[in-house]
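Participant: Let me begin by handing over the structure; questions about it come next.
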Amino acid sequence: MDEKLPLRSENFSEWYNQVIMRAELADYAPVRGCMVVRPYGWALWENIQATLDARFKATGHENAAFPLFIPMSFLEKEKDHVEGFSPELAVVTIGGGEKLEEPLVVRPTSETIIGHMYAKWIKSYRDLPILINQWANVVRWEMRTRLFLRTLEFYWQEGHTAHATEQEAIEETRRMLDVYTDFAVNEAAIPVIPGRKSESEKFAGAAESYTIEAMMGDTRALQSGTSHNLGQNFAKAFDIQYLDENNQQQFCWTTSWGLSTRFVGAIIMAHGDDQGLVLPPRLAPIQAVIVPIFKNEDERALVLPVVDKVKSELTGIRVKVDDRTEVTPGFKFNDWELRGVPIRIEIGPKDVEKGSVALARRDTPGREGKSFIPQAGLKAAVETMLTAIHMAMLEKARAFRDAHIFEPTDYEEFKQVVQNGWAFSYWCGRSECEAQIKENTKATTRCIPLDQNTAPGKCIHCGEPAREKVYSARAY
RNA sequence: CGGGGUGUAGCGCAGUUGGUAGCGCACCGCGUUUGGGACGCGGGGGUCGGCGGUUCAAGUCCGCCCACCCCGACCA
């Protein structure tokens, strides 16, 4: 393998693949389109899970587990849902050597089977709301796959709730969109734009879909989390009814919302640089790595006890000591930079003598990011630096994003800007305009930001009156 | 499913008119090294993607198949 990564600016997709392989986040599985998530990648996902799970619990949700297999007939009960998903279903037709009476679908998402169970569990308004989440794997038979971004099987969480009123369901949908936004900004340092999906980009079977859209390092957009108001579509398809206070049968209002291992791809592409990964400190599996430095046995005997002492003082911080003897310190510096560890702590004979350590920030390459600080009070210094790195990463990503969002005033300019950025412009709301824009430019409607106070204008494509402005971009 | 590309050691590749399968990295052993990707010496590792054909002889020529990667239409 070459020592250097391909340059991010020259070949973004090759850079992306190699970062994943070299940083040992994931590997290709023997089945096309499937991946193995390796321990380092899974540790990152576990940190994402932990912080999201805490947010779900804090907003009143409980975890449960529903089956992997769904009767084919369930999928067929909601018209838009089956239309949307049938091309990408994996179907089991044989079990235990016998042809099955009814084929079983490997879940592409669980609205149907959970809807079925909710119909069974919900009797009266006293049973509502039901607020359940599950952490699961799902399968969608995609044509073209990319590690983390689109694989046949992926890991995610899917929240499914049922409510007595439309208003409650709308509030839930928006609440979880806010949770995702808060997570993206405050944990992953990714400044996402929340908004509503257009009709054509909506989830199959939803009344309204909402999304958080993030800008990647090549300016393409990535849908990083979604929240759907399902209206009464699934309630009617699965007969999810409750008896209200007046002894009347009513259909429930349901929602669903999900965030997947795709988000790992978002972290890689939003923050990475030519040296490799740059992990946001609050999610990084290793927050600080200690590299001991010594030339001989005498120095080794001097340095290692200080390394142990420093490590034991950094309580509450995810620290790793790189005690490999078969590679040089210089190799380790590059290795941990590739793996995106936010802070490197070097401890050598000079530090032992002076009672100091060398700190290097991953987000600031070269000498500029290196500082020498006393061992006393190191924990506070590391904590401060982790926060500073988070803020700097968020700011850098925000500045990059804002520098690549344009507000074109005519279609020619629109076509220009979406080649290397996002367009924020008026849209009449008609799917035909959207489709033609996509055909001409490959840009799709990413989201319609909420709560617009925009004065009416004219559609960027057809010139007809338009009430709203939308983000358009080429997307993953 | 269309277009392009690649299959030879774990990874990256070379292999001439068909004639005993090689290089770099990685791996193992020993020694010297170690504050920005160390070096020397010695070693282990292959049904050349699969099946069939041509031939005295196939990694190499011919046919079929398979897999993976990249680019398009669908998608979190």
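In the structure tokens, each chain is lettered A, B, ... as it comes, each chain's residues begin at 1, and ligands are numbered from 1 in order of appearance.
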Counting only C-alpha atoms (C1' of nucleotides), which residues of chain A come no farther than 6 Å from chain B, as a compact mmCIF listing (two decimals) with all heavy atoms, in the first residue's frame?

Facilitator:
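Output below, filename part-v2.txt:
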# COMPACT_ATOMS: atom_id res chain seq x y z
N MET A 1 0.84 -1.20 0.00
CA MET A 1 0.00 0.00 0.00
C MET A 1 0.87 1.26 0.00
O MET A 1 1.89 1.30 0.65
CB MET A 1 -0.89 0.00 1.24
CG MET A 1 -2.12 0.86 1.06
SD MET A 1 -3.07 1.09 2.55
CE MET A 1 -3.34 -0.57 3.14
N LYS A 295 14.83 6.46 23.06
CA LYS A 295 15.85 5.95 22.14
C LYS A 295 16.46 4.64 22.60
O LYS A 295 17.00 3.89 21.82
CB LYS A 295 16.99 6.98 22.02
CG LYS A 295 16.69 8.19 21.19
CD LYS A 295 18.01 8.92 20.93
CE LYS A 295 17.88 10.24 20.20
NZ LYS A 295 16.72 11.04 20.50
N THR A 328 8.02 3.26 14.54
CA THR A 328 8.65 4.45 15.12
C THR A 328 7.57 5.48 15.49
O THR A 328 6.45 5.42 14.99
CB THR A 328 9.59 5.10 14.10
OG1 THR A 328 8.80 5.48 12.95
CG2 THR A 328 10.68 4.14 13.67
N GLY A 330 7.32 8.49 14.50
CA GLY A 330 6.88 9.19 13.30
C GLY A 330 5.77 8.44 12.58
O GLY A 330 4.80 9.02 12.11
N PHE A 331 5.89 7.14 12.53
CA PHE A 331 4.86 6.31 11.91
C PHE A 331 3.56 6.44 12.69
O PHE A 331 2.47 6.57 12.12
CB PHE A 331 5.32 4.85 11.87
CG PHE A 331 4.32 3.93 11.24
CD1 PHE A 331 4.36 3.66 9.88
CD2 PHE A 331 3.32 3.34 12.01
CE1 PHE A 331 3.42 2.81 9.30
CE2 PHE A 331 2.38 2.50 11.43
CZ PHE A 331 2.43 2.23 10.08

Participant: Using backbone DSSP assignments, extract all strand (DSSP E or B) residues from stretch 242-472 of chain A; output them as a tab-separated table (two decimals) with N, CA, C and O atoms, in the first residue's frame.

Facilitator:
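After the write, part19.tsv holds the following:
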chain	number	residue	atom	x	y	z
A	242	TYR	N	-58.42	3.58	18.11
A	242	TYR	CA	-58.62	3.68	19.57
A	242	TYR	C	-60.00	4.25	19.85
A	242	TYR	O	-60.60	4.92	18.99
A	243	LEU	N	-60.47	3.99	21.03
A	243	LEU	CA	-61.76	4.51	21.46
A	243	LEU	C	-61.51	5.82	22.19
A	243	LEU	O	-60.75	5.86	23.15
A	249	GLN	N	-64.78	5.22	17.89
A	249	GLN	CA	-63.57	4.65	17.29
A	249	GLN	C	-62.88	5.72	16.44
A	249	GLN	O	-63.55	6.38	15.63
A	250	GLN	N	-61.58	5.88	16.64
A	250	GLN	CA	-60.81	6.85	15.85
A	250	GLN	C	-59.52	6.19	15.34
A	250	GLN	O	-58.96	5.34	16.02
A	251	PHE	N	-59.10	6.61	14.17
A	251	PHE	CA	-57.79	6.14	13.69
A	251	PHE	C	-56.68	6.93	14.36
A	251	PHE	O	-56.82	8.14	14.59
A	253	TRP	N	-52.78	8.57	14.63
A	253	TRP	CA	-51.85	9.32	13.78
A	253	TRP	C	-50.46	8.81	14.14
A	253	TRP	O	-50.10	8.75	15.31
A	254	THR	N	-49.69	8.38	13.13
A	254	THR	CA	-48.40	7.76	13.46
A	254	THR	C	-47.22	8.54	12.85
A	254	THR	O	-47.39	9.33	11.92
A	255	THR	N	-46.04	8.28	13.42
A	255	THR	CA	-44.81	8.88	12.90
A	255	THR	C	-43.72	7.82	12.84
A	255	THR	O	-43.83	6.77	13.47
A	256	SER	N	-42.68	8.09	12.07
A	256	SER	CA	-41.47	7.27	12.17
A	256	SER	C	-40.28	8.15	11.84
A	256	SER	O	-40.42	9.17	11.15
A	257	TRP	N	-39.13	7.79	12.39
A	257	TRP	CA	-37.94	8.61	12.21
A	257	TRP	C	-36.71	7.74	12.35
A	257	TRP	O	-36.69	6.78	13.12
A	258	GLY	N	-35.68	8.02	11.57
A	258	GLY	CA	-34.52	7.14	11.55
A	258	GLY	C	-33.21	7.85	11.24
A	258	GLY	O	-33.19	8.88	10.56
A	259	LEU	N	-32.16	7.27	11.77
A	259	LEU	CA	-30.80	7.74	11.48
A	259	LEU	C	-29.92	6.49	11.42
A	259	LEU	O	-30.04	5.61	12.28
A	260	SER	N	-29.07	6.41	10.38
A	260	SER	CA	-28.39	5.14	10.10
A	260	SER	C	-26.87	5.27	10.15
A	260	SER	O	-26.32	6.35	10.36
A	273	ASP	N	-9.66	15.32	5.97
A	273	ASP	CA	-8.73	16.12	5.18
A	273	ASP	C	-7.73	15.21	4.48
A	273	ASP	O	-7.89	13.99	4.50
A	276	GLY	N	-6.47	12.24	6.30
A	276	GLY	CA	-7.40	11.16	6.65
A	276	GLY	C	-8.59	11.66	7.44
A	276	GLY	O	-9.09	12.75	7.20
A	288	ALA	N	-7.81	10.92	22.92
A	288	ALA	CA	-6.40	11.33	23.00
A	288	ALA	C	-5.53	10.08	22.96
A	288	ALA	O	-5.84	9.09	23.62
A	289	VAL	N	-4.49	10.13	22.15
A	289	VAL	CA	-3.56	9.00	22.08
A	289	VAL	C	-2.21	9.46	22.61
A	289	VAL	O	-1.73	10.56	22.30
A	290	ILE	N	-1.62	8.64	23.48
A	290	ILE	CA	-0.30	8.97	24.02
A	290	ILE	C	0.76	8.18	23.27
A	290	ILE	O	0.68	6.96	23.18
A	291	VAL	N	1.72	8.90	22.72
A	291	VAL	CA	2.84	8.25	22.03
A	291	VAL	C	4.11	8.45	22.85
A	291	VAL	O	4.62	9.56	22.96
A	292	PRO	N	4.58	7.39	23.47
A	292	PRO	CA	5.83	7.48	24.24
A	292	PRO	C	7.02	7.54	23.28
A	292	PRO	O	7.00	6.89	22.25
A	319	VAL	N	-8.66	7.52	26.43
A	319	VAL	CA	-7.24	7.64	26.14
A	319	VAL	C	-6.68	6.28	25.74
A	319	VAL	O	-7.05	5.26	26.30
A	320	LYS	N	-5.79	6.28	24.76
A	320	LYS	CA	-5.07	5.07	24.41
A	320	LYS	C	-3.57	5.35	24.42
A	320	LYS	O	-3.13	6.39	23.96
A	321	VAL	N	-2.82	4.40	24.97
A	321	VAL	CA	-1.37	4.49	24.91
A	321	VAL	C	-0.91	3.62	23.75
A	321	VAL	O	-1.23	2.43	23.70
A	343	ILE	N	-6.66	14.44	19.68
A	343	ILE	CA	-5.47	14.97	20.35
A	343	ILE	C	-4.40	13.90	20.47
A	343	ILE	O	-4.67	12.76	20.82
A	344	ARG	N	-3.16	14.28	20.16
A	344	ARG	CA	-2.02	13.40	20.37
A	344	ARG	C	-1.17	13.98	21.48
A	344	ARG	O	-0.90	15.18	21.50
A	345	ILE	N	-0.78	13.12	22.41
A	345	ILE	CA	0.08	13.54	23.50
A	345	ILE	C	1.42	12.82	23.33
A	345	ILE	O	1.47	11.59	23.36
A	346	GLU	N	2.48	13.59	23.14
A	346	GLU	CA	3.82	12.99	23.02
A	346	GLU	C	4.53	13.15	24.36
A	346	GLU	O	4.54	14.23	24.94
A	347	ILE	N	5.12	12.06	24.83
A	347	ILE	CA	5.91	12.14	26.06
A	347	ILE	C	7.27	11.49	25.82
A	347	ILE	O	7.36	10.30	25.53
A	356	SER	N	6.69	18.30	31.32
A	356	SER	CA	5.73	18.78	30.32
A	356	SER	C	5.28	17.64	29.42
A	356	SER	O	5.72	16.49	29.57
A	357	VAL	N	4.37	17.93	28.50
A	357	VAL	CA	4.05	17.02	27.40
A	357	VAL	C	3.88	17.88	26.14
A	357	VAL	O	3.68	19.08	26.24
A	358	ALA	N	3.96	17.21	24.98
A	358	ALA	CA	3.65	17.91	23.74
A	358	ALA	C	2.23	17.51	23.32
A	358	ALA	O	1.90	16.34	23.29
A	359	LEU	N	1.40	18.51	23.05
A	359	LEU	CA	0.03	18.25	22.60
A	359	LEU	C	-0.09	18.66	21.14
A	359	LEU	O	0.36	19.73	20.76
A	360	ALA	N	-0.73	17.78	20.34
A	360	ALA	CA	-0.97	18.13	18.94
A	360	ALA	C	-2.45	17.99	18.63
A	360	ALA	O	-3.06	16.99	18.97
A	361	ARG	N	-3.03	19.02	18.01
A	361	ARG	CA	-4.44	19.00	17.64
A	361	ARG	C	-4.61	18.46	16.23
A	361	ARG	O	-4.00	18.97	15.30
A	370	LYS	N	0.68	22.31	17.46
A	370	LYS	CA	1.45	21.65	18.50
A	370	LYS	C	1.77	22.64	19.63
A	370	LYS	O	2.14	23.78	19.37
A	371	SER	N	1.58	22.19	20.86
A	371	SER	CA	1.91	23.07	21.99
A	371	SER	C	2.54	22.23	23.10
A	371	SER	O	2.36	21.02	23.18
A	372	PHE	N	3.30	22.90	23.94
A	372	PHE	CA	3.98	22.20	25.04
A	372	PHE	C	3.40	22.72	26.34
A	372	PHE	O	3.42	23.92	26.60
A	373	ILE	N	2.83	21.80	27.12
A	373	ILE	CA	2.18	22.26	28.34
A	373	ILE	C	2.59	21.39	29.52
A	373	ILE	O	3.02	20.25	29.35
A	374	PRO	N	2.48	21.92	30.74
A	374	PRO	CA	2.91	21.20	31.94
A	374	PRO	C	2.03	19.97	32.19
A	374	PRO	O	0.85	19.97	31.86
A	405	ILE	N	-23.11	27.91	-0.56
A	405	ILE	CA	-24.54	28.07	-0.79
A	405	ILE	C	-24.74	29.38	-1.55
A	405	ILE	O	-24.25	30.42	-1.14
A	406	PHE	N	-25.44	29.28	-2.68
A	406	PHE	CA	-25.63	30.45	-3.54
A	406	PHE	C	-27.12	30.72	-3.70
A	406	PHE	O	-27.94	29.82	-3.53
A	422	TRP	N	-24.57	24.45	-3.41
A	422	TRP	CA	-26.03	24.33	-3.31
A	422	TRP	C	-26.66	25.62	-3.80
A	422	TRP	O	-26.09	26.70	-3.64
A	423	ALA	N	-27.87	25.48	-4.36
A	423	ALA	CA	-28.64	26.65	-4.74
A	423	ALA	C	-29.78	26.81	-3.74
A	423	ALA	O	-30.41	25.83	-3.34
A	424	PHE	N	-30.04	28.05	-3.34
A	424	PHE	CA	-31.19	28.36	-2.50
A	424	PHE	C	-32.04	29.32	-3.31
A	424	PHE	O	-31.65	30.47	-3.51
A	425	SER	N	-33.16	28.80	-3.82
A	425	SER	CA	-33.91	29.61	-4.78
A	425	SER	C	-35.39	29.26	-4.78
A	425	SER	O	-35.79	28.23	-4.24
A	426	TYR	N	-36.18	30.13	-5.40
A	426	TYR	CA	-37.63	29.94	-5.44
A	426	TYR	C	-38.01	28.74	-6.28
A	426	TYR	O	-37.38	28.45	-7.30
A	427	TRP	N	-39.06	28.05	-5.81
A	427	TRP	CA	-39.59	26.91	-6.56
A	427	TRP	C	-41.10	26.97	-6.48
A	427	TRP	O	-41.68	27.22	-5.42
A	444	THR	N	-31.06	17.73	-7.08
A	444	THR	CA	-32.40	17.41	-6.59
A	444	THR	C	-32.78	18.38	-5.49
A	444	THR	O	-31.93	19.06	-4.91
A	445	THR	N	-34.08	18.44	-5.22
A	445	THR	CA	-34.57	19.28	-4.14
A	445	THR	C	-34.17	18.62	-2.83
A	445	THR	O	-34.63	17.52	-2.53
A	446	ARG	N	-33.31	19.26	-2.08
A	446	ARG	CA	-32.85	18.64	-0.84
A	446	ARG	C	-33.80	18.90	0.30
A	446	ARG	O	-34.21	17.98	0.98
A	447	CYS	N	-34.15	20.16	0.53
A	447	CYS	CA	-35.16	20.43	1.55
A	447	CYS	C	-35.71	21.84	1.44
A	447	CYS	O	-35.10	22.72	0.84
A	448	ILE	N	-36.88	21.96	2.02
A	448	ILE	CA	-37.58	23.23	2.07
A	448	ILE	C	-37.51	23.68	3.52
A	448	ILE	O	-38.12	23.07	4.39
A	449	PRO	N	-36.70	24.70	3.82
A	449	PRO	CA	-36.50	25.07	5.22
A	449	PRO	C	-37.82	25.48	5.88
A	449	PRO	O	-38.71	26.00	5.21
A	457	GLY	N	-41.94	35.04	-4.74
A	457	GLY	CA	-41.04	35.32	-5.84
A	457	GLY	C	-41.43	34.49	-7.05
A	457	GLY	O	-42.58	34.05	-7.15
A	458	LYS	N	-40.47	34.27	-7.94
A	458	LYS	CA	-40.77	33.51	-9.15
A	458	LYS	C	-39.88	32.27	-9.23
A	458	LYS	O	-38.68	32.33	-8.95
A	465	PRO	N	-45.31	32.07	-10.31
A	465	PRO	CA	-45.25	32.54	-8.92
A	465	PRO	C	-44.84	31.41	-7.95
A	465	PRO	O	-45.26	30.27	-8.12
A	466	ALA	N	-44.00	31.76	-6.98
A	466	ALA	CA	-43.54	30.78	-5.99
A	466	ALA	C	-43.60	31.40	-4.60
A	466	ALA	O	-43.31	32.59	-4.44
A	468	GLU	N	-42.15	29.71	-1.82
A	468	GLU	CA	-41.08	29.23	-0.95
A	468	GLU	C	-39.75	29.11	-1.68
A	468	GLU	O	-39.71	28.93	-2.89
A	469	LYS	N	-38.69	29.18	-0.88
A	469	LYS	CA	-37.36	28.93	-1.43
A	469	LYS	C	-36.90	27.55	-0.96
A	469	LYS	O	-37.22	27.12	0.15
A	470	VAL	N	-36.16	26.86	-1.81
A	470	VAL	CA	-35.70	25.50	-1.48
A	470	VAL	C	-34.21	25.37	-1.75
A	470	VAL	O	-33.64	26.13	-2.55
A	471	TYR	N	-33.60	24.42	-1.07
A	471	TYR	CA	-32.21	24.07	-1.35
A	471	TYR	C	-32.18	22.99	-2.42
A	471	TYR	O	-32.88	21.98	-2.29
A	472	SER	N	-31.35	23.20	-3.43
A	472	SER	CA	-31.16	22.19	-4.46
A	472	SER	C	-29.68	21.88	-4.55
A	472	SER	O	-28.86	22.79	-4.46

Participant: Find the spatial neighbours of A:Asp80, counting only C-alpha atoms (C1' of nucleotides), within a cut-off of 12 Å - ignore same-chain residues fewer than 4 positions away - and output them as a PyMOL selection string.

Facilitator: chain A and resi 75-76+84-86+200+202-207+230+233-234+237

Participant: Work out how far atom CA of A:Glu201 is from atom CA of A:Tyr411, in Å to one decimal.

Facilitator: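 Atom CA of A:Glu201 lies at a distance of 21.4 Å from atom CA of A:Tyr411.
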
Participant: Would you list, as a VMD selection string, the residues of stretch 223-311 of chain A that end up in helix (DSSP H, G or I) under DSSP run on this structure's backbone?

Facilitator: chain A and resid 233 to 238 262 to 271 297 to 311

Participant: Using only C-alpha atoms (C1' of nucleotides), which protein or nucleic acid residues come within 12 Å of B:G29? Drop anything in the same chain fewer than 2 positions from it, and give the result as a list in words.

Facilitator: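 Listed by chain and then number, they are C27, G31, C41, G42, G43 and G44 of chain B.
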
Participant: Could you dump the residues just selected with all heavy atoms as a short mmCIF file (atom, residue, chain, number, x, y, z; two decimals), in the first residue's frame?

Facilitator:
data_model
loop_
_atom_site.label_atom_id
_atom_site.label_comp_id
_atom_site.auth_asym_id
_atom_site.auth_seq_id
_atom_site.Cartn_x
_atom_site.Cartn_y
_atom_site.Cartn_z
P C B 27 4.24 -5.69 9.29
OP1 C B 27 3.67 -5.25 10.57
OP2 C B 27 5.65 -5.37 8.95
"O5'" C B 27 4.05 -7.27 9.15
"C5'" C B 27 2.81 -7.89 9.44
"C4'" C B 27 2.92 -9.38 9.24
"O4'" C B 27 3.22 -9.66 7.84
"C3'" C B 27 4.08 -10.04 9.98
"O3'" C B 27 3.75 -10.30 11.33
"C2'" C B 27 4.29 -11.31 9.17
"O2'" C B 27 3.31 -12.28 9.46
"C1'" C B 27 4.06 -10.79 7.75
N1 C B 27 5.32 -10.38 7.08
C2 C B 27 6.17 -11.38 6.59
O2 C B 27 5.86 -12.57 6.73
N3 C B 27 7.32 -11.02 5.96
C4 C B 27 7.63 -9.73 5.84
N4 C B 27 8.76 -9.42 5.22
C5 C B 27 6.78 -8.70 6.35
C6 C B 27 5.65 -9.07 6.95
P G B 31 18.42 -10.00 19.04
OP1 G B 31 19.11 -10.28 20.32
OP2 G B 31 17.01 -9.58 19.04
"O5'" G B 31 19.27 -8.93 18.22
"C5'" G B 31 20.68 -9.01 18.19
"C4'" G B 31 21.23 -8.09 17.13
"O4'" G B 31 20.58 -8.35 15.86
"C3'" G B 31 21.01 -6.60 17.34
"O3'" G B 31 21.90 -6.04 18.30
"C2'" G B 31 21.24 -6.06 15.94
"O2'" G B 31 22.61 -6.02 15.62
"C1'" G B 31 20.56 -7.15 15.09
N9 G B 31 19.17 -6.79 14.79
C8 G B 31 18.01 -7.24 15.40
N7 G B 31 16.92 -6.71 14.89
C5 G B 31 17.38 -5.87 13.89
C6 G B 31 16.68 -5.02 13.00
O6 G B 31 15.46 -4.85 12.90
N1 G B 31 17.55 -4.33 12.15
C2 G B 31 18.91 -4.45 12.17
N2 G B 31 19.58 -3.71 11.29
N3 G B 31 19.59 -5.23 12.99
C4 G B 31 18.77 -5.90 13.82
P C B 41 20.64 -6.43 2.81
OP1 C B 41 21.49 -6.52 1.61
OP2 C B 41 19.19 -6.13 2.66
"O5'" C B 41 20.78 -7.77 3.65
"C5'" C B 41 22.07 -8.28 3.99
"C4'" C B 41 21.95 -9.37 5.02
"O4'" C B 41 21.40 -8.81 6.25
"C3'" C B 41 20.97 -10.49 4.68
"O3'" C B 41 21.49 -11.43 3.76
"C2'" C B 41 20.72 -11.08 6.06
"O2'" C B 41 21.82 -11.85 6.51
"C1'" C B 41 20.63 -9.81 6.91
N1 C B 41 19.21 -9.35 7.01
C2 C B 41 18.41 -9.91 8.01
O2 C B 41 18.91 -10.75 8.77
N3 C B 41 17.11 -9.53 8.12
C4 C B 41 16.61 -8.63 7.27
N4 C B 41 15.34 -8.29 7.42
C5 C B 41 17.41 -8.04 6.23
C6 C B 41 18.69 -8.43 6.14
P G B 42 20.47 -12.16 2.74
OP1 G B 42 21.28 -12.95 1.80
OP2 G B 42 19.50 -11.17 2.21
"O5'" G B 42 19.68 -13.15 3.70
"C5'" G B 42 20.36 -14.21 4.36
"C4'" G B 42 19.48 -14.87 5.37
"O4'" G B 42 19.03 -13.89 6.35
"C3'" G B 42 18.17 -15.44 4.84
"O3'" G B 42 18.33 -16.67 4.16
"C2'" G B 42 17.37 -15.57 6.13
"O2'" G B 42 17.81 -16.67 6.90
"C1'" G B 42 17.75 -14.26 6.84
N9 G B 42 16.76 -13.21 6.51
C8 G B 42 16.89 -12.15 5.65
N7 G B 42 15.80 -11.41 5.58
C5 G B 42 14.91 -12.05 6.45
C6 G B 42 13.57 -11.72 6.80
O6 G B 42 12.87 -10.78 6.40
N1 G B 42 13.04 -12.64 7.71
C2 G B 42 13.71 -13.72 8.21
N2 G B 42 13.04 -14.48 9.08
N3 G B 42 14.96 -14.03 7.90
C4 G B 42 15.50 -13.16 7.02
P G B 43 17.24 -17.09 3.06
OP1 G B 43 17.61 -18.44 2.60
OP2 G B 43 17.09 -16.00 2.08
"O5'" G B 43 15.90 -17.14 3.92
"C5'" G B 43 15.36 -18.38 4.26
"C4'" G B 43 14.22 -18.24 5.23
"O4'" G B 43 14.16 -16.92 5.81
"C3'" G B 43 12.84 -18.42 4.63
"O3'" G B 43 12.55 -19.79 4.41
"C2'" G B 43 11.95 -17.77 5.68
"O2'" G B 43 11.75 -18.64 6.78
"C1'" G B 43 12.82 -16.59 6.13
N9 G B 43 12.45 -15.33 5.44
C8 G B 43 13.23 -14.61 4.58
N7 G B 43 12.65 -13.52 4.14
C5 G B 43 11.40 -13.54 4.76
C6 G B 43 10.32 -12.62 4.67
O6 G B 43 10.27 -11.57 4.01
N1 G B 43 9.24 -13.01 5.45
C2 G B 43 9.21 -14.14 6.23
N2 G B 43 8.08 -14.34 6.91
N3 G B 43 10.20 -15.01 6.32
C4 G B 43 11.27 -14.64 5.56
P G B 44 11.81 -20.21 3.07
OP1 G B 44 12.15 -21.63 2.84
OP2 G B 44 12.05 -19.21 2.01
"O5'" G B 44 10.28 -20.14 3.50
"C5'" G B 44 9.84 -20.86 4.66
"C4'" G B 44 8.50 -20.34 5.10
"O4'" G B 44 8.63 -18.97 5.54
"C3'" G B 44 7.44 -20.26 4.01
"O3'" G B 44 6.83 -21.52 3.78
"C2'" G B 44 6.48 -19.22 4.58
"O2'" G B 44 5.65 -19.79 5.56
"C1'" G B 44 7.45 -18.24 5.24
N9 G B 44 7.79 -17.12 4.35
C8 G B 44 8.95 -16.93 3.64
N7 G B 44 8.95 -15.82 2.96
C5 G B 44 7.72 -15.24 3.24
C6 G B 44 7.16 -14.02 2.79
O6 G B 44 7.64 -13.17 2.02
N1 G B 44 5.89 -13.82 3.33
C2 G B 44 5.25 -14.68 4.18
N2 G B 44 4.03 -14.31 4.57
N3 G B 44 5.77 -15.82 4.61
C4 G B 44 6.99 -16.03 4.10
#

Participant: Nearest to B:A73 among B:C39, B:A9, B:G2, B:G50, with distances taken over only C-alpha atoms (C1' of nucleotides): which residue is it?

Facilitator: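 Among the listed residues, B:G2 lies closest to B:A73.
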
Participant: Nearest to A:Leu314: which of A:Val341, A:Val82, A:Val382, A:Ile286 is it, counting only C-alpha atoms?

Facilitator: A:Val382
